[in-house]
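Asks: Just passing along the structure, written as structure tokens.
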Amino acid sequence: MRCMSSHPTRADDGAAERSKRENARRVAIGILAAVALLFAILNFEDVEVDLLFGSVTMPLVVVIAACLLIGGLIGAYLGRRGRRSR
């Protein structure tokens with residue numbers, strides 16, 4: 001029979017450290033998302049956006065949301081790609 005020790009092992013310490021980092025990362029992402037959302041909500045005026053094939057007029061909040069979405073998708077893609085190459 002194995003003796004169960006109440007002392008944490010090094011593996012437990014590493015897991016706890018990763019958990020703390022992951023929680024801190026999630027809190028930071030939540031704060032940044034809240035600030036971005038507040039910034040977007042405060043900017044409802046219409047703006048003209050010049051595109052390669054013309055220009056459109058839309059609320060600034062839509063432009064900000066689209067840019068945040070595109071940036072998040074690119075960041076997630078590059079983050080996964082970087083983890084795979086290690």
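Going through the structure tokens in order, the chains are called A, B, and so on, while each chain numbers its residues from 1 and the ligands are numbered from 1 in the order shown.
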Give me the segment 12-35 of chain A side of the contact with segment 57-74 of chain A, cut-off 12 Å, one line per residue showing its nearest atom pair and distance in Å at one decimal, counting only C-alpha atoms, sorted by chain and residue number, as a Markdown table.

Replies:
| residue | atom | partner | partner_atom | distance |
| --- | --- | --- | --- | --- |
| A:Ile29 | CA | A:Gly72 | CA | 11.0 |
| A:Leu32 | CA | A:Leu68 | CA | 11.0 |
| A:Ala33 | CA | A:Leu68 | CA | 9.4 |
| A:Val35 | CA | A:Leu68 | CA | 11.8 |

Asks: I'd like to know which residues of chain A are alpha helix (DSSP H) (by DSSP, run on the backbone); could you write them as a PyMOL selection string?

Replies: chain A and resi 10-41+60-84

Asks: Could you write out, as a list in words, all the residues of segment 11-78 of chain A that DSSP marks as strand (DSSP E)?

Replies: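 Across segment 11-78 of chain A, those assigned strand (DSSP E) are Asp46, Val47, Glu48, Val49, Asp50, Leu51, Gly54, Ser55, Val56, Thr57, Met58 and Pro59 of chain A.
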
Asks: Expressed in Å to a single decimal, how great is the separation between atom CA of Arg81 of chain A and atom CA of Leu37 of chain A?

Replies: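 Straight-line distance from atom CA of Arg81 of chain A to atom CA of Leu37 of chain A works out to 27.3 Å.
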